[in-house]
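Working notes, beginning with the structure itself.
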Amino acid sequence: MRFTYPALLKRVCDDEIVVSFRDLPECRTAGSNHAEAIAEAQDALSEAIAGRIDDNEPIPEPSQRRRDEYSVAVPTDIAAKAALVLACRSSNLSLGALAGILSMDTQAVTRMLDPRQVSDTESIGRALHILGSELVLEVRVLASVSSK
């Protein structure tokens, strides 16, 4: 699953752009300009995904981006944890069973699944691999940068 969600940016006045996500209706934010709105959108998206993990709610598959929308990526650390949470949910393993498979104690696995805790991405990648998924980092060039 790609953790990049379509966002609608709508200028509501001269110094405010409101951002909303149709896949995550609880996720709304704003910025005073385009760059700030996108940065705030990424932060709001991170919080929305973390909240869904905390509340054991579904994490929706991102919809296809429409012409009037922008793609906003979930920050890498939260995306990795969300992928692990989804893999754990689909495996139907108990926390203890998962800890056994990963050769970790249950507290360590709990921390790895907690979006508010810092985790080693390599460990999350190994856990995903054991659960039949692969963690892939994608880098896209957004704009050309010229040297001065």
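Here, A, B, ... name the chains of the structure tokens in the order displayed, residue numbers run from 1 inside each chain, and ligands are numbered from 1 in the same displayed order.
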Secondary structure check, alpha helix (DSSP H) residues of chain A, as an NGL selection string: :A and (34-54 or 76-91 or 95-102 or 106-113 or 121-130)
Determine, using only C-alpha atoms, which residues of stretch 26-88 of chain A have any atom at most 12 Å from an atom of stretch 132-139 of chain A, and tabulate each with its shortest atom pair and distance in Å to one decimal place, rows ordered by chain and then rising number, as JSON lines.
{"residue": "A:Ala73", "atom": "CA", "partner": "A:Glu138", "partner_atom": "CA", "distance": 10.5}
{"residue": "A:Val74", "atom": "CA", "partner": "A:Leu137", "partner_atom": "CA", "distance": 11.9}
{"residue": "A:Pro75", "atom": "CA", "partner": "A:Leu137", "partner_atom": "CA", "distance": 11.1}
{"residue": "A:Thr76", "atom": "CA", "partner": "A:Leu137", "partner_atom": "CA", "distance": 8.1}
{"residue": "A:Asp77", "atom": "CA", "partner": "A:Leu137", "partner_atom": "CA", "distance": 10.9}
{"residue": "A:Ala79", "atom": "CA", "partner": "A:Leu135", "partner_atom": "CA", "distance": 9.6}
{"residue": "A:Ala80", "atom": "CA", "partner": "A:Leu135", "partner_atom": "CA", "distance": 7.2}
{"residue": "A:Lys81", "atom": "CA", "partner": "A:Leu135", "partner_atom": "CA", "distance": 10.3}
{"residue": "A:Ala82", "atom": "CA", "partner": "A:Leu135", "partner_atom": "CA", "distance": 11.1}
{"residue": "A:Ala83", "atom": "CA", "partner": "A:Leu135", "partner_atom": "CA", "distance": 8.1}
{"residue": "A:Leu84", "atom": "CA", "partner": "A:Ser133", "partner_atom": "CA", "distance": 8.7}
{"residue": "A:Val85", "atom": "CA", "partner": "A:Ser133", "partner_atom": "CA", "distance": 11.6}
{"residue": "A:Leu86", "atom": "CA", "partner": "A:Ser133", "partner_atom": "CA", "distance": 10.2}
{"residue": "A:Ala87", "atom": "CA", "partner": "A:Ser133", "partner_atom": "CA", "distance": 7.4}
{"residue": "A:Cys88", "atom": "CA", "partner": "A:Gly132", "partner_atom": "CA", "distance": 10.2}
Those residues with N, CA and C atoms, as a short mmCIF file (atom, residue, chain, number, x, y, z; two decimals), in the first residue's frame please?
data_model
loop_
_atom_site.label_atom_id
_atom_site.label_comp_id
_atom_site.auth_asym_id
_atom_site.auth_seq_id
_atom_site.Cartn_x
_atom_site.Cartn_y
_atom_site.Cartn_z
N ALA A 73 2.13 12.75 1.07
CA ALA A 73 2.66 11.49 1.62
C ALA A 73 2.63 11.52 3.15
N VAL A 74 2.28 10.37 3.72
CA VAL A 74 2.39 10.18 5.16
C VAL A 74 3.88 10.16 5.48
N PRO A 75 4.33 10.85 6.54
CA PRO A 75 5.75 10.79 6.89
C PRO A 75 6.24 9.34 7.02
N THR A 76 7.46 9.11 6.63
CA THR A 76 8.02 7.77 6.53
C THR A 76 7.88 6.94 7.81
N ASP A 77 8.13 7.53 8.97
CA ASP A 77 8.06 6.75 10.21
C ASP A 77 6.65 6.27 10.49
N ALA A 79 4.22 5.96 8.18
CA ALA A 79 3.85 5.03 7.10
C ALA A 79 4.37 3.63 7.39
N ALA A 80 5.61 3.53 7.87
CA ALA A 80 6.18 2.21 8.18
C ALA A 80 5.38 1.54 9.30
N LYS A 81 5.05 2.29 10.34
CA LYS A 81 4.26 1.73 11.44
C LYS A 81 2.87 1.34 10.97
N ALA A 82 2.24 2.17 10.14
CA ALA A 82 0.91 1.85 9.63
C ALA A 82 0.95 0.57 8.81
N ALA A 83 1.99 0.41 8.00
CA ALA A 83 2.13 -0.82 7.21
C ALA A 83 2.25 -2.03 8.12
N LEU A 84 3.02 -1.90 9.20
CA LEU A 84 3.18 -3.00 10.14
C LEU A 84 1.86 -3.30 10.85
N VAL A 85 1.15 -2.27 11.26
CA VAL A 85 -0.15 -2.45 11.91
C VAL A 85 -1.10 -3.19 10.97
N LEU A 86 -1.16 -2.77 9.71
CA LEU A 86 -2.04 -3.43 8.74
C LEU A 86 -1.65 -4.89 8.54
N ALA A 87 -0.34 -5.16 8.47
CA ALA A 87 0.13 -6.54 8.30
C ALA A 87 -0.22 -7.38 9.53
N CYS A 88 -0.09 -6.79 10.71
CA CYS A 88 -0.45 -7.52 11.94
C CYS A 88 -1.94 -7.80 11.99
#
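These are the residues of stretch 15-128 of chain A assigned strand (DSSP E or B) by DSSP from backbone coordinates: A:Glu16, A:Ile17, A:Val18, A:Val19, A:Ser20, A:Arg28, A:Thr29, A:Ala30, A:Gly31, A:Tyr70, A:Ser71, A:Val72, A:Ala73.
Among the candidates A:Gln117, A:Arg140, A:Ile59, A:Arg126, the residue lying nearest to A:Ile101 is A:Arg126 (atoms considered: only C-alpha atoms).
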Do a neighbour search on stretch 63-68 of chain A at 10 Å with only C-alpha atoms, toss out local chain neighbours closer than 5 positions, and write the hits as an mmCIF file with N, CA, C and O atoms, in the first residue's frame.
data_model
loop_
_atom_site.group_PDB
_atom_site.id
_atom_site.type_symbol
_atom_site.label_atom_id
_atom_site.label_comp_id
_atom_site.auth_asym_id
_atom_site.auth_seq_id
_atom_site.Cartn_x
_atom_site.Cartn_y
_atom_site.Cartn_z
ATOM 1 N N THR A 4 0.189 7.605 0.336
ATOM 2 C CA THR A 4 0.114 8.935 -0.265
ATOM 3 C C THR A 4 -1.354 9.199 -0.565
ATOM 4 O O THR A 4 -1.964 8.461 -1.336
ATOM 5 N N TYR A 5 -1.897 10.215 0.073
ATOM 6 C CA TYR A 5 -3.325 10.487 -0.016
ATOM 7 C C TYR A 5 -3.608 11.747 -0.821
ATOM 8 O O TYR A 5 -2.871 12.731 -0.729
ATOM 9 N N PRO A 6 -4.711 11.732 -1.595
ATOM 10 C CA PRO A 6 -5.102 12.938 -2.332
ATOM 11 C C PRO A 6 -5.678 13.982 -1.378
ATOM 12 O O PRO A 6 -6.467 13.656 -0.491
ATOM 13 N N ALA A 7 -5.249 15.222 -1.568
ATOM 14 C CA ALA A 7 -5.704 16.330 -0.727
ATOM 15 C C ALA A 7 -6.247 17.444 -1.604
ATOM 16 O O ALA A 7 -5.689 17.746 -2.659
ATOM 17 N N LEU A 8 -7.314 18.041 -1.135
ATOM 18 C CA LEU A 8 -7.891 19.189 -1.820
ATOM 19 C C LEU A 8 -7.453 20.449 -1.086
ATOM 20 O O LEU A 8 -7.639 20.562 0.125
ATOM 21 N N LEU A 9 -6.827 21.362 -1.817
ATOM 22 C CA LEU A 9 -6.420 22.650 -1.252
ATOM 23 C C LEU A 9 -7.381 23.699 -1.784
ATOM 24 O O LEU A 9 -7.562 23.820 -2.998
ATOM 25 N N LYS A 10 -8.001 24.418 -0.866
ATOM 26 C CA LYS A 10 -8.987 25.414 -1.262
ATOM 27 C C LYS A 10 -8.673 26.741 -0.574
ATOM 28 O O LYS A 10 -8.659 26.825 0.651
ATOM 29 N N PHE A 21 -8.898 15.926 3.197
ATOM 30 C CA PHE A 21 -8.631 14.610 2.598
ATOM 31 C C PHE A 21 -9.943 13.840 2.542
ATOM 32 O O PHE A 21 -10.543 13.567 3.582
ATOM 33 N N ARG A 22 -10.391 13.461 1.352
ATOM 34 C CA ARG A 22 -11.668 12.746 1.264
ATOM 35 C C ARG A 22 -11.584 11.340 1.842
ATOM 36 O O ARG A 22 -12.590 10.796 2.292
ATOM 37 N N ASP A 23 -10.394 10.736 1.864
ATOM 38 C CA ASP A 23 -10.246 9.401 2.441
ATOM 39 C C ASP A 23 -10.224 9.423 3.963
ATOM 40 O O ASP A 23 -10.459 8.404 4.601
#
Shell of 10 Å around A:Pro58, only C-alpha atoms, local chain residues under 2 positions omitted, as a list of chain:residue names: A:Ile49, A:Arg52, A:Ile53, A:Asp55, A:Asn56, A:Pro60, A:Glu61, A:Leu86, A:Arg89
All residues 9 Å or closer to A:Asp14, only C-alpha atoms, same chain fewer than 2 positions away omitted, as a list in words: Arg11, Val12, Glu16, Ile17, Ser32 and Asn33 of chain A
Distance query A:Thr106 at most 7 Å, only C-alpha atoms, self and fewer than 3 positions along chain excluded, as a VMD selection string: chain A and resid 95 to 96 99 109 to 110
Kindly save the residues from that selection, with N, CA, C and O atoms included, as a PDB file, in the first residue's frame.
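What landed in selection_10.pdb:
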ATOM      1  N   LEU A  95      -0.707 -10.594  20.024  1.00  0.00           N
ATOM      2  CA  LEU A  95       0.534  -9.867  20.295  1.00  0.00           C
ATOM      3  C   LEU A  95       1.628 -10.820  20.761  1.00  0.00           C
ATOM      4  O   LEU A  95       2.775 -10.730  20.327  1.00  0.00           O
ATOM      5  N   GLY A  96       1.262 -11.772  21.611  1.00  0.00           N
ATOM      6  CA  GLY A  96       2.232 -12.756  22.105  1.00  0.00           C
ATOM      7  C   GLY A  96       2.772 -13.639  20.993  1.00  0.00           C
ATOM      8  O   GLY A  96       3.977 -13.918  20.932  1.00  0.00           O
ATOM      9  N   ALA A  99       5.087 -11.590  18.866  1.00  0.00           N
ATOM     10  CA  ALA A  99       6.362 -11.410  19.570  1.00  0.00           C
ATOM     11  C   ALA A  99       7.225 -12.663  19.445  1.00  0.00           C
ATOM     12  O   ALA A  99       8.434 -12.577  19.220  1.00  0.00           O
ATOM     13  N   VAL A 109       7.377  -5.285  20.877  1.00  0.00           N
ATOM     14  CA  VAL A 109       6.438  -5.312  19.752  1.00  0.00           C
ATOM     15  C   VAL A 109       5.379  -4.224  19.940  1.00  0.00           C
ATOM     16  O   VAL A 109       5.024  -3.526  18.985  1.00  0.00           O
ATOM     17  N   THR A 110       4.913  -4.060  21.160  1.00  0.00           N
ATOM     18  CA  THR A 110       3.933  -3.012  21.447  1.00  0.00           C
ATOM     19  C   THR A 110       4.492  -1.637  21.098  1.00  0.00           C
ATOM     20  O   THR A 110       3.803  -0.812  20.485  1.00  0.00           O
TER      21      THR A 110
END
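Residue nearest A:Glu47 within the list A:Val72, A:Met104, A:Ile78, A:Cys13: A:Ile78 [criterion: smallest interatomic distance, only C-alpha atoms].
Using only C-alpha atoms for every distance, the candidate list A:Leu98, A:Ser90, A:Glu36, A:Arg2 yields A:Glu36 as the residue closest to A:Val18.
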Which residues come within 9 Å of A:Gly31, counting only C-alpha atoms, excluding same-chain residues fewer than 6 positions away, as a compact mmCIF listing (two decimals) with all heavy atoms, in the first residue's frame?
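After the write, result.txt holds the following:
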# COMPACT_ATOMS: atom_id res chain seq x y z
N ASP A 15 -5.10 34.93 2.89
CA ASP A 15 -4.00 34.34 3.65
C ASP A 15 -4.36 33.00 4.31
O ASP A 15 -3.80 32.63 5.32
CB ASP A 15 -3.49 35.32 4.70
CG ASP A 15 -4.55 35.69 5.72
OD1 ASP A 15 -5.74 35.40 5.48
OD2 ASP A 15 -4.19 36.27 6.76
N GLU A 16 -5.29 32.25 3.69
CA GLU A 16 -5.62 30.94 4.24
C GLU A 16 -6.02 29.97 3.14
O GLU A 16 -6.90 30.24 2.33
CB GLU A 16 -6.75 31.02 5.27
CG GLU A 16 -7.01 29.68 5.93
CD GLU A 16 -8.08 29.72 7.00
OE1 GLU A 16 -9.02 30.54 6.90
OE2 GLU A 16 -7.97 28.92 7.93
N ILE A 17 -5.33 28.83 3.15
CA ILE A 17 -5.64 27.71 2.26
C ILE A 17 -6.03 26.54 3.15
O ILE A 17 -5.23 26.10 3.99
CB ILE A 17 -4.44 27.35 1.37
CG1 ILE A 17 -4.04 28.53 0.49
CG2 ILE A 17 -4.76 26.11 0.53
CD1 ILE A 17 -2.75 28.32 -0.27
N VAL A 18 -7.23 26.04 2.98
CA VAL A 18 -7.72 24.91 3.78
C VAL A 18 -7.43 23.62 3.01
O VAL A 18 -7.60 23.55 1.80
CB VAL A 18 -9.24 25.04 4.05
CG1 VAL A 18 -9.79 23.79 4.72
CG2 VAL A 18 -9.51 26.27 4.90
N VAL A 19 -6.97 22.61 3.75
CA VAL A 19 -6.63 21.32 3.16
C VAL A 19 -7.55 20.26 3.77
O VAL A 19 -7.72 20.20 4.98
CB VAL A 19 -5.16 20.94 3.44
CG1 VAL A 19 -4.80 19.63 2.74
CG2 VAL A 19 -4.22 22.05 3.03
N ALA A 37 0.63 25.12 3.61
CA ALA A 37 -0.55 24.25 3.60
C ALA A 37 -0.14 22.79 3.38
O ALA A 37 -0.66 21.90 4.05
CB ALA A 37 -1.54 24.71 2.52
N ILE A 38 0.78 22.55 2.47
CA ILE A 38 1.26 21.18 2.22
C ILE A 38 1.99 20.62 3.44
O ILE A 38 1.79 19.47 3.83
CB ILE A 38 2.14 21.12 0.96
CG1 ILE A 38 1.32 21.42 -0.30
CG2 ILE A 38 2.86 19.78 0.83
CD1 ILE A 38 0.26 20.38 -0.65
N ALA A 39 2.84 21.44 4.07
CA ALA A 39 3.56 21.00 5.27
C ALA A 39 2.58 20.68 6.40
O ALA A 39 2.72 19.66 7.09
CB ALA A 39 4.55 22.07 5.71
N GLU A 40 1.59 21.53 6.58
CA GLU A 40 0.57 21.29 7.61
C GLU A 40 -0.26 20.05 7.26
O GLU A 40 -0.66 19.30 8.15
CB GLU A 40 -0.33 22.51 7.77
CG GLU A 40 0.36 23.72 8.37
CD GLU A 40 0.81 23.51 9.80
OE1 GLU A 40 0.17 22.74 10.54
OE2 GLU A 40 1.82 24.13 10.19
N ALA A 41 -0.51 19.85 5.98
CA ALA A 41 -1.26 18.68 5.53
C ALA A 41 -0.53 17.38 5.88
O ALA A 41 -1.14 16.42 6.32
CB ALA A 41 -1.52 18.76 4.04
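Take the candidates A:Leu93, A:Leu45, A:Ala35, A:Leu102 and check each one against A:Gly125 using only C-alpha atoms; the shortest distance goes to A:Leu102.
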